[in-house]
$ cat work_11.tsv   # TSV, C-alpha atoms
chain	number	residue	atom	x	y	z
O	1	ILE	CA	-0.03	-0.07	3.15
O	2	ASN	CA	3.08	-2.16	3.68
O	3	ASN	CA	4.93	-4.10	0.95
O	4	LEU	CA	1.75	-4.83	-1.00
O	5	THR	CA	1.95	-7.19	-3.98
O	6	VAL	CA	-1.23	-7.67	-6.02
O	7	THR	CA	-2.15	-9.92	-8.93
O	8	LEU	CA	-5.05	-10.16	-11.35
O	9	SER	CA	-5.48	-13.55	-13.06
O	10	ASP	CA	-1.93	-14.51	-11.97
O	11	ARG	CA	-0.49	-11.38	-13.57
O	12	GLU	CA	1.45	-9.22	-11.11
O	13	LEU	CA	0.17	-5.64	-11.23
O	14	LEU	CA	1.65	-4.16	-8.05
O	15	LYS	CA	4.89	-5.18	-6.38
O	16	ASN	CA	6.01	-4.23	-2.86
O	17	ILE	CA	3.98	-1.00	-2.69
O	18	SER	CA	4.11	0.93	0.59
O	19	LEU	CA	2.08	4.05	1.32
O	20	LYS	CA	1.01	5.94	4.44
O	21	ILE	CA	-1.71	8.57	4.39
O	22	ASP	CA	-2.37	10.65	7.49
O	23	ALA	CA	-5.90	11.36	8.68
O	24	GLY	CA	-7.35	14.49	7.11
O	25	ALA	CA	-4.80	14.58	4.28
O	26	ARG	CA	-5.52	15.38	0.65
O	27	VAL	CA	-3.19	13.21	-1.46
O	28	LEU	CA	-2.77	13.10	-5.24
O	29	LEU	CA	-1.56	9.86	-6.83
O	30	SER	CA	-0.56	10.68	-10.39
O	31	GLY	CA	0.94	8.50	-13.10
O	32	HIS	CA	0.74	7.14	-16.62
O	33	ASN	CA	-2.05	4.85	-17.83
O	34	GLY	CA	-1.36	1.27	-16.78
O	35	SER	CA	0.93	2.22	-13.90
O	36	GLY	CA	-1.33	0.58	-11.29
O	37	LYS	CA	-3.22	3.53	-9.79
O	38	SER	CA	-6.71	2.10	-10.27
O	39	THR	CA	-5.45	-1.35	-9.23
O	40	LEU	CA	-4.28	0.15	-5.95
O	41	ALA	CA	-7.62	1.93	-5.45
O	42	ASN	CA	-9.60	-1.25	-6.12
O	43	THR	CA	-7.36	-3.28	-3.84
O	44	ILE	CA	-7.78	-0.82	-0.97
O	45	ALA	CA	-11.57	-0.91	-1.49
O	46	GLY	CA	-11.57	-4.72	-1.43
O	47	ASN	CA	-12.44	-5.57	-5.03
O	48	PRO	CA	-12.39	-9.41	-5.04
O	49	SER	CA	-11.00	-9.54	-8.61
O	50	TYR	CA	-7.60	-8.54	-7.24
O	51	THR	CA	-5.55	-10.98	-5.15
O	52	ILE	CA	-3.20	-9.77	-2.43
O	53	LYS	CA	-0.18	-12.08	-2.66
O	54	SER	CA	1.77	-10.42	0.15
O	55	GLY	CA	1.78	-7.32	2.32
O	56	THR	CA	-0.82	-5.68	4.53
O	57	ILE	CA	-3.37	-2.89	4.48
O	58	LYS	CA	-4.19	-1.18	7.78
O	59	PHE	CA	-7.01	1.29	8.24
O	60	ASN	CA	-7.20	3.24	11.51
O	61	LYS	CA	-4.67	0.74	12.95
O	62	THR	CA	-6.91	-2.23	12.04
O	63	ASP	CA	-5.59	-4.84	9.62
O	64	ILE	CA	-8.15	-5.03	6.80
O	65	THR	CA	-6.03	-7.08	4.38
O	66	ASN	CA	-8.51	-9.98	4.46
O	67	GLU	CA	-11.73	-8.00	4.96
O	68	ASN	CA	-14.31	-7.99	2.18
O	69	ALA	CA	-15.44	-4.89	0.30
O	70	THR	CA	-18.69	-4.56	2.28
O	71	THR	CA	-16.89	-4.47	5.62
O	72	ARG	CA	-14.34	-1.99	4.32
O	73	ALA	CA	-17.12	0.26	3.04
O	74	LEU	CA	-18.96	0.10	6.36
O	75	MET	CA	-15.71	0.93	8.19
O	76	GLY	CA	-15.60	4.14	6.15
O	77	ILE	CA	-13.69	3.45	2.92
O	78	PHE	CA	-15.33	4.95	-0.18
O	79	LEU	CA	-14.33	4.39	-3.81
O	80	GLY	CA	-15.55	6.83	-6.42
O	81	SER	CA	-14.62	4.82	-9.47
O	82	GLN	CA	-14.02	5.94	-13.04
O	83	HIS	CA	-16.29	3.27	-14.43
O	84	VAL	CA	-19.40	2.89	-12.32
O	85	PRO	CA	-21.87	0.09	-13.01
O	86	GLU	CA	-25.46	0.59	-14.06
O	87	ILE	CA	-27.96	-1.15	-11.77
O	88	PRO	CA	-31.33	-1.39	-13.54
O	89	GLY	CA	-34.27	-1.71	-11.16
O	90	LEU	CA	-32.48	-0.25	-8.10
O	91	THR	CA	-33.46	3.38	-7.61
O	92	ILE	CA	-30.98	5.94	-6.33
O	93	LEU	CA	-33.33	6.63	-3.41
O	94	SER	CA	-33.43	2.97	-2.37
O	95	PHE	CA	-29.68	2.54	-2.87
O	96	LEU	CA	-28.88	5.55	-0.68
O	97	LYS	CA	-31.43	4.59	1.98
O	98	HIS	CA	-30.05	1.09	2.47
O	99	SER	CA	-26.47	2.35	2.33
O	100	CYS	CA	-27.08	5.04	4.97
O	101	ILE	CA	-28.99	2.65	7.26
O	102	ALA	CA	-26.13	0.12	7.08
O	103	HIS	CA	-23.44	2.75	7.72
O	104	THR	CA	-25.28	4.27	10.68
O	105	HIS	CA	-25.93	0.86	12.26
O	106	PHE	CA	-22.35	-0.38	11.73
O	107	GLN	CA	-20.54	2.77	12.87
O	108	LEU	CA	-22.84	4.08	15.61
O	109	GLY	CA	-24.86	1.00	16.59
O	110	GLN	CA	-28.00	3.07	16.02
O	111	ASP	CA	-30.98	2.91	13.70
O	112	LEU	CA	-31.54	5.66	11.17
O	113	SER	CA	-35.16	6.79	10.97
O	114	MET	CA	-36.75	7.53	7.62
O	115	GLY	CA	-37.24	11.15	8.73
O	116	GLN	CA	-33.52	11.54	9.51
O	117	PHE	CA	-32.58	9.96	6.20
O	118	LEU	CA	-34.94	12.16	4.16
O	119	GLU	CA	-33.74	15.32	5.93
O	120	LYS	CA	-30.12	14.42	5.21
O	121	LEU	CA	-30.96	13.52	1.62
O	122	GLU	CA	-32.83	16.77	0.96
O	123	SER	CA	-29.90	18.80	2.31
O	124	ALA	CA	-27.37	16.91	0.15
O	125	ARG	CA	-29.61	17.06	-2.94
O	126	ALA	CA	-29.99	20.83	-2.56
O	127	GLN	CA	-26.24	21.28	-2.03
O	128	LEU	CA	-25.56	19.48	-5.32
O	129	ASN	CA	-28.55	20.92	-7.21
O	130	ILE	CA	-29.80	17.43	-8.09
O	131	PRO	CA	-33.36	17.28	-9.44
O	132	GLN	CA	-35.83	15.40	-7.23
O	133	GLN	CA	-36.87	13.11	-10.11
O	134	TRP	CA	-33.35	11.67	-10.37
O	135	LEU	CA	-33.91	9.85	-7.08
O	136	ASN	CA	-36.55	7.58	-8.64
O	137	ARG	CA	-34.33	6.58	-11.57
O	138	SER	CA	-32.19	3.42	-11.63
O	139	VAL	CA	-28.61	3.82	-10.41
O	140	ASN	CA	-26.46	5.28	-13.23
O	141	VAL	CA	-28.86	4.14	-15.98
O	142	GLY	CA	-29.17	6.78	-18.70
O	143	PHE	CA	-27.04	9.37	-16.90
O	144	SER	CA	-24.25	11.34	-18.58
O	145	GLY	CA	-20.68	11.29	-17.24
O	146	GLY	CA	-21.17	14.57	-15.37
O	147	GLU	CA	-24.51	13.43	-13.93
O	148	ARG	CA	-22.87	10.22	-12.67
O	149	LYS	CA	-20.27	12.37	-10.91
O	150	LYS	CA	-23.08	14.23	-9.15
O	151	ILE	CA	-24.61	10.92	-8.02
O	152	MET	CA	-21.18	9.87	-6.71
O	153	LEU	CA	-20.94	13.15	-4.77
O	154	LEU	CA	-24.44	12.57	-3.37
O	155	GLN	CA	-23.37	9.15	-2.08
O	156	LEU	CA	-20.17	10.67	-0.68
O	157	ILE	CA	-22.08	13.33	1.26
O	158	MET	CA	-24.72	10.88	2.48
O	159	THR	CA	-22.26	8.28	3.83
O	160	GLN	CA	-19.58	10.69	5.12
O	161	PRO	CA	-16.69	8.19	4.77
O	162	LYS	CA	-13.49	8.43	6.77
O	163	PHE	CA	-11.38	7.76	3.66
O	164	ALA	CA	-12.48	8.54	0.09
O	165	ILE	CA	-10.62	7.42	-3.01
O	166	LEU	CA	-11.68	9.38	-6.08
O	167	ASP	CA	-10.40	7.77	-9.28
O	168	GLU	CA	-10.27	10.39	-12.08
O	169	PRO	CA	-13.00	12.49	-10.43
O	170	ASP	CA	-12.88	15.17	-13.12
O	171	SER	CA	-13.15	12.89	-16.17
O	172	GLY	CA	-16.40	13.45	-18.04
O	173	ALA	CA	-17.25	16.44	-15.86
O	174	ASP	CA	-17.84	19.96	-17.18
O	175	ASN	CA	-16.43	23.06	-15.43
O	176	GLN	CA	-19.52	23.47	-13.26
O	177	THR	CA	-19.37	19.85	-12.06
O	178	GLN	CA	-15.61	20.13	-11.47
O	179	GLN	CA	-16.27	23.15	-9.24
O	180	LEU	CA	-19.00	21.18	-7.45
O	181	ILE	CA	-16.49	18.36	-6.80
O	182	ALA	CA	-14.00	20.87	-5.34
O	183	ASP	CA	-16.68	22.52	-3.17
O	184	THR	CA	-17.89	19.14	-1.88
O	185	ILE	CA	-14.36	18.11	-0.90
O	186	LYS	CA	-13.83	21.44	0.91
O	187	SER	CA	-17.07	20.85	2.82
O	188	MET	CA	-15.77	17.51	4.21
O	189	PRO	CA	-12.75	18.36	6.40
O	190	ASP	CA	-13.06	15.15	8.43
O	191	THR	CA	-12.67	12.90	5.38
O	192	THR	CA	-9.22	11.88	4.13
O	193	PHE	CA	-8.99	11.97	0.34
O	194	LEU	CA	-6.84	10.12	-2.17
O	195	PHE	CA	-7.18	11.53	-5.68
O	196	ILE	CA	-6.04	9.52	-8.67
O	197	SER	CA	-5.14	11.24	-11.93

$ encode --input "work_11.tsv" --output "structure tokens"
Amino acid sequence: INNLTVTLSDRELLKNISLKIDAGARVLLSGHNGSGKSTLANTIAGNPSYTIKSGTIKFNKTDITNENATTRALMGIFLGSQHVPEIPGLTILSFLKHSCIAHTHFQLGQDLSMGQFLEKLESARAQLNIPQQWLNRSVNVGFSGGERKKIMLLQLIMTQPKFAILDEPDSGADNQTQQLIADTIKSMPDTTFLFIS
């Protein structure tokens, strides 16, 4: 990130921010409420509510400053947000299936068979001790804060991003879920992580 200035509704939230994160790093971005941490995370992920007034964002040497959120996600940028939306009518199973198919096609130019997807899903579900019946529920509808963190981890494992931004990953999570978050991160040495707290 080079000299990034970002606004929201014409209000300047970030000014001339520069940051370089090496591949494979684990970086903590810490600061007071309102200091711009979540704004930076959302801007990197391509949230269209935020306007980049100047500066550039490069990911794996590619300028993504003007890329949309979908392209950034397919390139391997993941945002585990503090406040995740509820999506009534879209099951977790369907959400993960379409996400994994899109990632595999974009990154490898290959199709993902249903058998491959289900095998990967079963492995990730077992790793996180997620009940099978959760998969048929709507995304984030009726889940507690800790359960939503588990769903985020499931998505993280299934998509295997190159760069994961976890915004307040431990908020709303009990000790067991916090340990699960730590274990999941340790199990992904090829993913670069930016933690916000």

$ closest_residue --input "work_11.tsv" --among "O:Thr39, O:Asn33, O:Gln107, O:Thr191" --to "Arg72 in chain O" --atoms "all atoms listed in the file"
O:Gln107

$ residues_near_point --input "work_11.tsv" --point "(-25.1, 2.7, -14.4)" --cutoff "8 Å" --atoms "all atoms listed in the file" --output "NGL selection string"
:O and (84-88 or 138-143)

$ atom_distance --input "work_11.tsv" --atom1 "CA of Ile165 in chain O" --atom2 "CA of Asn42 in chain O"
9.3 Å

$ residues_around --input "work_11.tsv" --residues "Gln127 in chain O" --least-positions-apart "6" --cutoff "10 Å" --atoms "all atoms listed in the file" --output "PyMOL selection string"
chain O and resi 121+154+157+180+183-184

$ closest_residue --input "work_11.tsv" --among "O:Asn175, O:Ser18, O:Ser94, O:Thr104" --to "Met75 in chain O" --atoms "only C-alpha atoms"
O:Thr104

$ decode --input "work_11.tsv" --residues "range 106-143 of chain O" --atoms "N, CA and C atoms" --output "mmCIF file, in the first residue's frame"
data_model
loop_
_atom_site.group_PDB
_atom_site.id
_atom_site.type_symbol
_atom_site.label_atom_id
_atom_site.label_comp_id
_atom_site.auth_asym_id
_atom_site.auth_seq_id
_atom_site.Cartn_x
_atom_site.Cartn_y
_atom_site.Cartn_z
ATOM 1 N N PHE O 106 -10.991 -19.641 -11.135
ATOM 2 C CA PHE O 106 -10.224 -18.409 -11.338
ATOM 3 C C PHE O 106 -8.733 -18.638 -11.153
ATOM 4 N N GLN O 107 -8.360 -19.352 -10.085
ATOM 5 C CA GLN O 107 -6.944 -19.495 -9.740
ATOM 6 C C GLN O 107 -6.243 -20.618 -10.490
ATOM 7 N N LEU O 108 -6.957 -21.698 -10.780
ATOM 8 C CA LEU O 108 -6.317 -22.859 -11.405
ATOM 9 C C LEU O 108 -6.807 -23.125 -12.822
ATOM 10 N N GLY O 109 -7.899 -22.442 -13.228
ATOM 11 C CA GLY O 109 -8.457 -22.691 -14.550
ATOM 12 C C GLY O 109 -9.075 -24.071 -14.658
ATOM 13 N N GLN O 110 -9.468 -24.642 -13.506
ATOM 14 C CA GLN O 110 -10.021 -25.994 -13.485
ATOM 15 C C GLN O 110 -11.407 -25.982 -12.861
ATOM 16 N N ASP O 111 -12.173 -27.024 -13.164
ATOM 17 C CA ASP O 111 -13.476 -27.190 -12.537
ATOM 18 C C ASP O 111 -13.322 -28.017 -11.265
ATOM 19 N N LEU O 112 -14.132 -27.705 -10.275
ATOM 20 C CA LEU O 112 -14.139 -28.438 -9.024
ATOM 21 C C LEU O 112 -15.348 -29.365 -9.027
ATOM 22 N N SER O 113 -15.091 -30.661 -8.925
ATOM 23 C CA SER O 113 -16.213 -31.612 -8.934
ATOM 24 C C SER O 113 -16.930 -31.577 -7.585
ATOM 25 N N MET O 114 -18.168 -32.010 -7.593
ATOM 26 C CA MET O 114 -18.942 -32.050 -6.357
ATOM 27 C C MET O 114 -18.278 -32.980 -5.351
ATOM 28 N N GLY O 115 -17.718 -34.085 -5.823
ATOM 29 C CA GLY O 115 -17.031 -35.027 -4.937
ATOM 30 C C GLY O 115 -15.834 -34.380 -4.250
ATOM 31 N N GLN O 116 -15.036 -33.637 -5.024
ATOM 32 C CA GLN O 116 -13.872 -32.938 -4.448
ATOM 33 C C GLN O 116 -14.317 -31.909 -3.419
ATOM 34 N N PHE O 117 -15.367 -31.177 -3.752
ATOM 35 C CA PHE O 117 -15.878 -30.158 -2.839
ATOM 36 C C PHE O 117 -16.359 -30.791 -1.536
ATOM 37 N N LEU O 118 -17.161 -31.855 -1.634
ATOM 38 C CA LEU O 118 -17.717 -32.483 -0.434
ATOM 39 C C LEU O 118 -16.623 -33.101 0.435
ATOM 40 N N GLU O 119 -15.595 -33.656 -0.188
ATOM 41 C CA GLU O 119 -14.472 -34.226 0.565
ATOM 42 C C GLU O 119 -13.741 -33.131 1.339
ATOM 43 N N LYS O 120 -13.504 -32.020 0.672
ATOM 44 C CA LYS O 120 -12.833 -30.878 1.301
ATOM 45 C C LYS O 120 -13.692 -30.302 2.428
ATOM 46 N N LEU O 121 -14.988 -30.207 2.180
ATOM 47 C CA LEU O 121 -15.916 -29.669 3.168
ATOM 48 C C LEU O 121 -15.980 -30.557 4.408
ATOM 49 N N GLU O 122 -16.048 -31.866 4.204
ATOM 50 C CA GLU O 122 -16.137 -32.787 5.339
ATOM 51 C C GLU O 122 -14.878 -32.707 6.204
ATOM 52 N N SER O 123 -13.729 -32.585 5.571
ATOM 53 C CA SER O 123 -12.471 -32.462 6.298
ATOM 54 C C SER O 123 -12.445 -31.177 7.134
ATOM 55 N N ALA O 124 -12.845 -30.055 6.520
ATOM 56 C CA ALA O 124 -12.855 -28.767 7.213
ATOM 57 C C ALA O 124 -13.890 -28.754 8.334
ATOM 58 N N ARG O 125 -15.045 -29.319 8.076
ATOM 59 C CA ARG O 125 -16.123 -29.372 9.077
ATOM 60 C C ARG O 125 -15.679 -30.166 10.307
ATOM 61 N N ALA O 126 -14.997 -31.296 10.051
ATOM 62 C CA ALA O 126 -14.504 -32.131 11.151
ATOM 63 C C ALA O 126 -13.416 -31.403 11.943
ATOM 64 N N GLN O 127 -12.538 -30.709 11.232
ATOM 65 C CA GLN O 127 -11.454 -29.961 11.875
ATOM 66 C C GLN O 127 -12.000 -28.912 12.846
ATOM 67 N N LEU O 128 -13.126 -28.300 12.466
ATOM 68 C CA LEU O 128 -13.710 -27.229 13.268
ATOM 69 C C LEU O 128 -14.838 -27.704 14.182
ATOM 70 N N ASN O 129 -15.154 -29.006 14.127
ATOM 71 C CA ASN O 129 -16.226 -29.587 14.934
ATOM 72 C C ASN O 129 -17.555 -28.857 14.709
ATOM 73 N N ILE O 130 -17.871 -28.646 13.430
ATOM 74 C CA ILE O 130 -19.120 -27.978 13.051
ATOM 75 C C ILE O 130 -20.184 -29.039 12.770
ATOM 76 N N PRO O 131 -21.336 -28.936 13.411
ATOM 77 C CA PRO O 131 -22.403 -29.919 13.170
ATOM 78 C C PRO O 131 -22.869 -29.905 11.706
ATOM 79 N N GLN O 132 -23.149 -31.075 11.191
ATOM 80 C CA GLN O 132 -23.602 -31.233 9.801
ATOM 81 C C GLN O 132 -24.829 -30.370 9.494
ATOM 82 N N GLN O 133 -25.755 -30.266 10.464
ATOM 83 C CA GLN O 133 -27.006 -29.544 10.210
ATOM 84 C C GLN O 133 -26.805 -28.041 10.006
ATOM 85 N N TRP O 134 -25.687 -27.502 10.468
ATOM 86 C CA TRP O 134 -25.410 -26.085 10.232
ATOM 87 C C TRP O 134 -25.352 -25.768 8.747
ATOM 88 N N LEU O 135 -24.885 -26.719 7.957
ATOM 89 C CA LEU O 135 -24.651 -26.474 6.529
ATOM 90 C C LEU O 135 -25.930 -26.176 5.766
ATOM 91 N N ASN O 136 -27.070 -26.607 6.298
ATOM 92 C CA ASN O 136 -28.353 -26.370 5.631
ATOM 93 C C ASN O 136 -29.080 -25.135 6.163
ATOM 94 N N ARG O 137 -28.424 -24.416 7.070
ATOM 95 C CA ARG O 137 -29.011 -23.184 7.607
ATOM 96 C C ARG O 137 -28.558 -21.986 6.769
ATOM 97 N N SER O 138 -29.339 -20.910 6.810
ATOM 98 C CA SER O 138 -28.988 -19.690 6.079
ATOM 99 C C SER O 138 -27.730 -19.056 6.673
ATOM 100 N N VAL O 139 -26.942 -18.426 5.827
ATOM 101 C CA VAL O 139 -25.663 -17.844 6.226
ATOM 102 C C VAL O 139 -25.862 -16.825 7.355
ATOM 103 N N ASN O 140 -25.264 -17.137 8.511
ATOM 104 C CA ASN O 140 -25.222 -16.278 9.699
ATOM 105 C C ASN O 140 -26.570 -15.986 10.352
ATOM 106 N N VAL O 141 -27.654 -16.568 9.877
ATOM 107 C CA VAL O 141 -28.973 -16.309 10.454
ATOM 108 C C VAL O 141 -29.162 -17.180 11.692
ATOM 109 N N GLY O 142 -29.363 -16.521 12.847
ATOM 110 C CA GLY O 142 -29.622 -17.245 14.085
ATOM 111 C C GLY O 142 -28.402 -17.836 14.755
ATOM 112 N N PHE O 143 -27.208 -17.466 14.294
ATOM 113 C CA PHE O 143 -25.982 -17.985 14.904
ATOM 114 C C PHE O 143 -25.454 -17.005 15.947
#
